[in-house]
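Worksheet: the structure to be examined is printed underneath.
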Amino acid sequence: MNTKIWKVDKYVDNLENNPQVVDAAHFLQENEVVALPTETVYGLGGNAESDEAVEKIFASKGRPSDNPLIIHIGDKKQLNAFVANIPDKAEILMERFWPGPLTIIFNKKPGVLSEKATAGLNTVAVRMPDHPVALALLQVCQLPIAAPSANSSGKPSPTNAQHVIEDLNGKIAGVLDGGSTGVGVESTVLDCTEEIPIILRPGGVTKEQLEAVVGEVQLDAALLDEASKPKAPGMKYQHYAPNAPLYLVNGSQSFLQSLIEEKQKEGLTVGVLATEESVESYKCDVAIACGKRAELETVATALYETLRAFNQEKVDIIFSEMFPNTGVGHAIMNRLQKAAGNKIINE
């Protein structure tokens with residue numbers, strides 16, 4: 001398959017009439033799979049009403065089919081077609097955070113969306129992306145678009161079109177190149193089917209931000225329960241992993257340095273994921289700075305790019321610093337723990 005590349009400047013006006021966007025929308029209407037930019041990561045989009053399109057998403061990613069997909073819309077009115085009801089708190093959250101990196105889980109209407117898109121669940125995860133190219137595409141095609149991250153399953157999510165091409169060239173119909181993404185980690189997934197909303201996946205909107213709008217919000221205790229059936233993406237399987245084994249180090253810089261030296265004595269090429277404040281203190285083979293510890297949003301933005309960078313360096317093992325489990329740090333640690341397969345070395 002020849003993968004078509006459409007390049008679009010996200011800063012120009014009237015994107016709905018851009019020939020590249022219109023052509024990409026036509027591919028979606030024909031049940032082809034197209035990668036599209038969002039403010040979090042690139043998504044791999046297909047018509048959520050079509051089994052054929054959803055099957056192409058799973059096949060191209062190599063993704064297990066029991067993991068549900070997020071449905072992307074360009075207009076809140078589209079919810080009426082496939083959502084059974086919109087709770088008051090969900091309405092408030094949509095008003096505040098849509099478009100944006102917040103996915104809300106609703107009870108779904110039967111018989112509208114592909115059962116393959118929702119993994120046979122009675123619920124559906126929906127968001128409205130805050131990216132002008134994505135919104136234009138969604139508004140032109142007038143379809144609910146299922147879109148997991150546009151990478152090979154288990155690998156770091158793509159934050160620019162080149163990452164998508166590296167993973168999926170020849171496997172999908174096209175890539176709508178709208179430049180680099182902004183937030184860097186995927187959306188927060190919030191279950192609004194209960195009285196108290198529950199975060200199933202931390203992401204670009206923090207627990208603190210949500211609670212400031214609707215009061216109490218709980219964290220799902222089963223985030224890492226691999227035996228449970230997922231209600232949202234990111235709840236099962238190892239994700240985001242670089243090629244080399246990744247270990248999170250819960251300890252001092254001197255302790256991490258001792259781990260580096262131990263592995264170097266074994267003849268291994270050692271990489272370290274650190275922040276700008278500490279990266280130069282490590283004596284290792286490859287040290288890559290991933291944002292600033294004092295500004296965790298920069299770590300979130302650079303995380304997947306950094307994990308992919310280690311693949312180019314051909315390291316044998318990677319050690320990573322850890323981050324506070326609050327605010328956006330919660331999302332960062334969630335992704336790092338999945339990338340490491342929960343391998344943590346304590347001092």
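Residues are named by chain letter and number: chains run A, B, ... in the order of the structure tokens, numbers start at 1 in each chain, and ligands are numbered from 1 in the order shown.
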Need to verify the contact set: region 119-131 of chain A, 8 Å, only C-alpha atoms, exclusion of same-chain residues closer than 4 positions in sequence. Can you return it as a ChimeraX atom specification? /A:10,37-39,65-76,83,98-108,110,115,135,189,231-232
When you look at Thr181 (chain A) with a cut-off of 12 Å (counting only C-alpha atoms), what residues show up, excluding the ones that are within fewer than 6 positions of it in the same chain? I need them as a PyMOL selection string. chain A and resi 10+36-43+101+129-134+157-163+300-302+304-305
Take CA of Ser187 (chain A) and CA of Pro148 (chain A) and report the distance between them in Å, one decimal. 10.9 Å
Within region 155-292 of chain A, find each residue whose DSSP state, derived from the backbone, is strand (DSSP E or B), and express the selection as a CSV table (one decimal) with all heavy atoms, in the first residue's frame.
```
chain,number,residue,atom,x,y,z
A,174,GLY,N,-3.1,7.0,4.6
A,174,GLY,CA,-2.5,8.3,4.5
A,174,GLY,C,-2.1,8.9,5.9
A,174,GLY,O,-2.5,8.4,6.9
A,175,VAL,N,-1.3,10.0,5.8
A,175,VAL,CA,-0.9,10.7,7.0
A,175,VAL,C,-1.2,12.2,6.7
A,175,VAL,O,-0.7,12.8,5.8
A,175,VAL,CB,0.6,10.5,7.4
A,175,VAL,CG1,0.9,11.4,8.6
A,175,VAL,CG2,0.9,9.1,7.6
A,176,LEU,N,-2.0,12.8,7.6
A,176,LEU,CA,-2.3,14.2,7.5
A,176,LEU,C,-1.3,14.9,8.4
A,176,LEU,O,-1.4,14.9,9.6
A,176,LEU,CB,-3.7,14.5,7.9
A,176,LEU,CG,-4.2,16.0,7.8
A,176,LEU,CD1,-4.1,16.4,6.3
A,176,LEU,CD2,-5.7,16.1,8.2
A,177,ASP,N,-0.3,15.5,7.8
A,177,ASP,CA,0.8,16.1,8.6
A,177,ASP,C,0.5,17.6,8.9
A,177,ASP,O,0.5,18.5,8.1
A,177,ASP,CB,2.1,16.1,7.7
A,177,ASP,CG,3.3,16.7,8.4
A,177,ASP,OD1,3.2,17.2,9.5
A,177,ASP,OD2,4.4,16.6,7.9
A,188,THR,N,-6.6,12.7,29.2
A,188,THR,CA,-7.2,12.1,30.4
A,188,THR,C,-8.5,11.4,30.1
A,188,THR,O,-9.3,11.9,29.3
A,188,THR,CB,-7.5,13.2,31.5
A,188,THR,OG1,-6.2,13.9,31.8
A,188,THR,CG2,-8.1,12.6,32.8
A,189,VAL,N,-8.6,10.2,30.6
A,189,VAL,CA,-9.9,9.4,30.4
A,189,VAL,C,-10.7,9.4,31.7
A,189,VAL,O,-10.2,8.9,32.7
A,189,VAL,CB,-9.6,8.0,29.9
A,189,VAL,CG1,-10.9,7.2,29.7
A,189,VAL,CG2,-8.9,8.0,28.6
A,190,LEU,N,-11.9,10.0,31.6
A,190,LEU,CA,-12.7,10.2,32.8
A,190,LEU,C,-14.1,9.5,32.6
A,190,LEU,O,-14.8,9.8,31.7
A,190,LEU,CB,-12.9,11.7,33.0
A,190,LEU,CG,-13.7,12.1,34.3
A,190,LEU,CD1,-12.8,11.8,35.5
A,190,LEU,CD2,-14.1,13.5,34.3
A,191,ASP,N,-14.4,8.6,33.5
A,191,ASP,CA,-15.7,7.9,33.4
A,191,ASP,C,-16.7,8.7,34.1
A,191,ASP,O,-16.7,8.9,35.3
A,191,ASP,CB,-15.5,6.5,34.2
A,191,ASP,CG,-16.8,5.6,34.1
A,191,ASP,OD1,-17.8,6.1,33.6
A,191,ASP,OD2,-16.7,4.5,34.5
A,198,ILE,N,-14.6,9.2,37.6
A,198,ILE,CA,-13.4,8.4,37.9
A,198,ILE,C,-12.4,8.5,36.8
A,198,ILE,O,-12.7,8.2,35.6
A,198,ILE,CB,-13.8,6.9,38.1
A,198,ILE,CG1,-14.8,6.7,39.2
A,198,ILE,CG2,-12.5,6.1,38.5
A,198,ILE,CD1,-15.4,5.3,39.3
A,199,ILE,N,-11.2,8.8,37.2
A,199,ILE,CA,-10.1,8.9,36.2
A,199,ILE,C,-9.6,7.5,35.9
A,199,ILE,O,-9.1,6.8,36.8
A,199,ILE,CB,-8.9,9.8,36.7
A,199,ILE,CG1,-9.4,11.2,36.8
A,199,ILE,CG2,-7.7,9.7,35.7
A,199,ILE,CD1,-8.3,12.2,37.4
A,200,LEU,N,-9.7,7.0,34.7
A,200,LEU,CA,-9.2,5.7,34.3
A,200,LEU,C,-7.9,5.8,33.7
A,200,LEU,O,-7.1,4.8,33.7
A,200,LEU,CB,-10.2,5.1,33.3
A,200,LEU,CG,-11.6,4.9,33.7
A,200,LEU,CD1,-12.4,4.1,32.6
A,200,LEU,CD2,-11.7,4.1,35.0
A,201,ARG,N,-7.5,7.0,33.1
A,201,ARG,CA,-6.2,7.2,32.6
A,201,ARG,C,-5.8,8.6,32.8
A,201,ARG,O,-6.5,9.5,32.4
A,201,ARG,CB,-6.1,6.9,31.1
A,201,ARG,CG,-4.7,7.0,30.5
A,201,ARG,CD,-4.7,6.8,29.0
A,201,ARG,NE,-5.3,7.8,28.2
A,201,ARG,CZ,-5.5,7.7,26.9
A,201,ARG,NH1,-5.1,6.7,26.2
A,201,ARG,NH2,-6.0,8.8,26.2
A,218,GLN,N,-12.4,10.8,41.5
A,218,GLN,CA,-11.7,9.6,42.1
A,218,GLN,C,-10.7,9.1,41.0
A,218,GLN,O,-10.9,9.3,39.8
A,218,GLN,CB,-12.6,8.5,42.5
A,218,GLN,CG,-13.5,8.9,43.6
A,218,GLN,CD,-14.5,7.8,44.0
A,218,GLN,OE1,-14.6,6.8,43.3
A,218,GLN,NE2,-15.2,7.9,45.2
A,219,LEU,N,-9.6,8.4,41.5
A,219,LEU,CA,-8.7,7.7,40.7
A,219,LEU,C,-9.1,6.3,40.7
A,219,LEU,O,-9.3,5.7,41.8
A,219,LEU,CB,-7.3,7.9,41.2
A,219,LEU,CG,-6.6,9.2,41.0
A,219,LEU,CD1,-5.2,9.3,41.7
A,219,LEU,CD2,-6.4,9.5,39.5
A,246,LEU,N,13.6,-0.8,29.8
A,246,LEU,CA,13.6,0.5,30.5
A,246,LEU,C,13.4,0.2,32.0
A,246,LEU,O,12.4,-0.6,32.3
A,246,LEU,CB,12.6,1.4,30.0
A,246,LEU,CG,12.2,2.7,30.7
A,246,LEU,CD1,13.4,3.7,30.7
A,246,LEU,CD2,11.0,3.4,30.2
A,247,TYR,N,14.1,0.8,32.9
A,247,TYR,CA,14.0,0.6,34.3
A,247,TYR,C,13.8,2.0,34.9
A,247,TYR,O,14.6,2.9,34.7
A,247,TYR,CB,15.2,-0.1,35.0
A,247,TYR,CG,15.3,-1.5,34.5
A,247,TYR,CD1,16.0,-1.9,33.3
A,247,TYR,CD2,14.8,-2.6,35.3
A,247,TYR,CE1,16.1,-3.2,32.9
A,247,TYR,CE2,15.0,-3.9,34.9
A,247,TYR,CZ,15.6,-4.2,33.7
A,247,TYR,OH,15.8,-5.5,33.3
A,248,LEU,N,12.8,2.2,35.8
A,248,LEU,CA,12.7,3.4,36.6
A,248,LEU,C,13.5,3.3,37.9
A,248,LEU,O,13.4,2.2,38.5
A,248,LEU,CB,11.2,3.6,36.9
A,248,LEU,CG,10.2,3.6,35.7
A,248,LEU,CD1,8.8,4.0,36.1
A,248,LEU,CD2,10.7,4.5,34.6
A,249,VAL,N,14.1,4.3,38.2
A,249,VAL,CA,15.0,4.3,39.4
A,249,VAL,C,14.5,5.3,40.4
A,249,VAL,O,14.4,6.5,40.3
A,249,VAL,CB,16.5,4.7,39.0
A,249,VAL,CG1,17.4,4.7,40.2
A,249,VAL,CG2,17.0,3.8,37.9
A,250,ASN,N,14.1,4.7,41.5
A,250,ASN,CA,13.5,5.4,42.7
A,250,ASN,C,14.7,5.6,43.7
A,250,ASN,O,14.9,4.8,44.6
A,250,ASN,CB,12.4,4.7,43.3
A,250,ASN,CG,11.7,5.4,44.5
A,250,ASN,OD1,11.9,6.6,44.5
A,250,ASN,ND2,11.1,4.7,45.4
A,270,VAL,N,24.7,1.9,28.1
A,270,VAL,CA,23.7,2.4,29.1
A,270,VAL,C,23.2,3.8,28.7
A,270,VAL,O,24.0,4.7,28.4
A,270,VAL,CB,24.3,2.4,30.5
A,270,VAL,CG1,23.2,2.9,31.5
A,270,VAL,CG2,24.8,1.0,30.9
A,271,GLY,N,21.9,3.9,28.6
A,271,GLY,CA,21.2,5.2,28.4
A,271,GLY,C,20.5,5.7,29.7
A,271,GLY,O,20.1,4.8,30.5
A,272,VAL,N,20.4,7.0,29.8
A,272,VAL,CA,19.7,7.6,31.0
A,272,VAL,C,18.8,8.6,30.5
A,272,VAL,O,19.1,9.5,29.7
A,272,VAL,CB,20.7,8.2,32.0
A,272,VAL,CG1,20.0,9.0,33.1
A,272,VAL,CG2,21.6,7.1,32.6
A,273,LEU,N,17.5,8.5,31.0
A,273,LEU,CA,16.5,9.5,30.7
A,273,LEU,C,16.5,10.4,32.0
A,273,LEU,O,16.2,9.9,33.1
A,273,LEU,CB,15.1,8.9,30.5
A,273,LEU,CG,14.0,9.8,30.1
A,273,LEU,CD1,12.9,9.0,29.3
A,273,LEU,CD2,13.3,10.5,31.3
A,274,ALA,N,16.8,11.7,31.8
A,274,ALA,CA,16.9,12.6,33.0
A,274,ALA,C,16.3,13.9,32.5
A,274,ALA,O,15.8,14.1,31.4
A,274,ALA,CB,18.4,12.8,33.4
A,286,VAL,N,24.8,7.2,26.9
A,286,VAL,CA,23.9,8.2,26.3
A,286,VAL,C,23.0,8.7,27.3
A,286,VAL,O,22.3,8.0,28.0
A,286,VAL,CB,23.0,7.4,25.2
A,286,VAL,CG1,22.1,8.4,24.6
A,286,VAL,CG2,23.9,6.8,24.1
A,287,ALA,N,23.0,10.0,27.5
A,287,ALA,CA,22.1,10.7,28.4
A,287,ALA,C,21.3,11.7,27.6
A,287,ALA,O,21.8,12.5,26.9
A,287,ALA,CB,22.9,11.4,29.5
A,288,ILE,N,19.9,11.6,27.8
A,288,ILE,CA,19.0,12.5,27.0
A,288,ILE,C,18.1,13.2,28.0
A,288,ILE,O,17.5,12.6,28.8
A,288,ILE,CB,18.2,11.7,26.0
A,288,ILE,CG1,19.1,10.9,25.0
A,288,ILE,CG2,17.3,12.6,25.2
A,288,ILE,CD1,18.3,10.1,24.0
A,289,ALA,N,18.1,14.5,27.8
A,289,ALA,CA,17.3,15.4,28.7
A,289,ALA,C,15.8,15.3,28.2
A,289,ALA,O,15.6,15.5,27.0
A,289,ALA,CB,17.8,16.8,28.7
A,292,LYS,N,12.2,19.9,31.8
A,292,LYS,CA,12.7,20.5,33.0
A,292,LYS,C,11.9,19.9,34.2
A,292,LYS,O,10.6,20.0,34.2
A,292,LYS,CB,12.6,22.0,33.0
A,292,LYS,CG,13.4,22.6,31.9
A,292,LYS,CD,13.2,24.2,31.9
A,292,LYS,CE,14.0,24.8,30.8
A,292,LYS,NZ,13.8,26.3,30.8
```
Restricting the calculation to only C-alpha atoms: of A:Glu295, A:Asp167, A:Glu347, A:Asp316, which residue gets closest to Leu256 (chain A)? A:Glu347
Would you please extract all helix (DSSP H, G or I) residues from region 12-138 of chain A, as assigned by DSSP on the backbone, and give them as a ChimeraX atom specification? /A:15-17,19-29,51-61,76-82,88-97,132-138
For Ser153 (chain A), find every residue with an atom within 6 Å (counting only C-alpha atoms), except residues of its own chain fewer than 6 positions away, and show them as a count of residues only. 3
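Coordinates place CA of Met1 (chain A) at a distance of 7.2 Å from CA of Ile172 (chain A).
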A:Ile57, A:Ala25, A:Val213, A:Leu268: which is nearest Pro245 (chain A), counting only C-alpha atoms? A:Leu268
Using CA of Ala331 (chain A) and CA of Phe97 (chain A) as the two end points, give the distance in Å to one decimal. 17.0 Å
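Among A:Arg96, A:Val315, A:Ala90, A:Ala212, the residue with the shortest atom-to-atom distance to Lys263 (chain A), counting only C-alpha atoms, is A:Val315.
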